[in-house]
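These notes concern the structure reproduced below.
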Amino acid sequence: MHRIPLLTIAAAALLSPYVAHAQSTRAKSPSQSAQDALVKKDAEAETELEKAISRSGNDRAALVRNLKDYLVHFPDAPRKAGVFRALVESCQQLKDDNCALDYAEQLIALEPDDSEMMLLAVGLLQRQGDDDGLRRAGGYVTRVLDRVEKAPPEDRSAQESVAEWKERQNRLRTVLYYLRGEVEESQKDYDNAAKDLETSYSIVPNAAAASLLGEIYELKKESTQAIGEYTLAFVLPEDGPTGKVDRGEIRHKLGNVWREVHGTDQGLGEEILSTFDRLAIPPAAASPSTRNHTAKDVFDFVLRSVNGKDLPLAPMRGKTVVMSFWATWCGPCRIQEPMLIQIAHSFADNAQVEFLAVNTDQDQSQVPLFVAQEKWDIPIAFADGLDDFLKVATLPTVIVFGRDGRILYRVNGLDESTFASSLTSAIQQSLSPAD
């Protein structure tokens, strides 16, 4: 019995039926004679491709040589994209990065929407590390990220629920923002790298993003921030959506910066345990009787932002503070929050006004994913008992505190027709000299 040699999936795919291509070519041909010539030429290309693969057997190096030679003779072959793909895979297995990158970028030029090949090229370009290569790598990541950001839920497969699709998209966004931040860090573009890494961490907290942020802050001589990020990286799981980190290496970096600031290791253990406890607080523990049981007023509270960091309210004392209480399951909240964010933008230049969206979900695990999907850009924190303290019984609820700490405005529920005007008026009144 004739046995087909064992080939890569990509190479085997090159042998798919030729009929469809021949028919599509025939439909586009301007005349019968030209059509016959194209069909004959493509059929010859198909036959020679089969021969090139067959002659290679299981020899990867031979397959690369034969496919390169094939492209010289048939530069416009109907299976050109498949040939490029087979060459990329074979060159990778031969550990020939230059060859793999060459054909990966040729394939991207031929098929600009091939996100998988773009990300493969990014890895190869990062490994090379030259300026031009890093610039191209950043461009590829941005193209893929833009496509992911714009993808609607309707594009998901029939087997995937909306919730599953959102989770997959957010994990992908976590990886892409991290990857672009990594490229920017290699380019010494530290400000943009930090923004992308913070975004990656805010979508799904991950040790890789925190560790690289620690390195950036350390390079910028911002030791306190470096300690915070290294500590997060140390206590988070080693293996996350952006890859695995070396906890021992992070511990070494953390110790170095800590000693630089404090002159000794004393206190480092307590800092690590405190960070671990903060990240590990279960939703049930976030209540007035535990986390904020000693709070006497609103500004004594210390909340947690959605990325796990402490958010004390004390620095807001003496300002006009707008708090909206919401939950992911609350339909009116989804309508109100974008309206609130527009109002927040209108006061963005006034340092005396603070906005805070306070989440009251019992199950907080999906809140970071929800916030990232909705792209809300005002500070967001978990209630940690503040809703009970203020007797919030209806969602949404919006409360405005004046500069003296008193409640000047409170509305329970949403009236779309009056919400924007009444809240704006309340904020403006709080800022008047009479307040």
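Letters for chains follow the order of the structure tokens (A, B, ...), residue numbers begin at 1 for each chain, and ligand numbers begin at 1 in the order shown.
Shell of stretch 227-238 of chain A at 6 Å, with only C-alpha atoms counted and residues fewer than 5 places along the chain excluded, is Ala207, Ala210, Ser211, Gly214, Lys244, Val245, Arg247, Leu254 and Phe276 of chain A.
Across the structure, atom CA of A:Thr242 and atom CA of A:Gly255 are spaced 23.8 Å apart.
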Find the residues near stretch 178-182 of chain A: any atom within 9 Å, counting only C-alpha atoms, skip ones fewer than 3 places away on the same chain, and give them as number ranges by chain. A: 122, 137-139, 141-142, 173-175, 185-187, 189-190, 192-201, 208-209, 212, 242
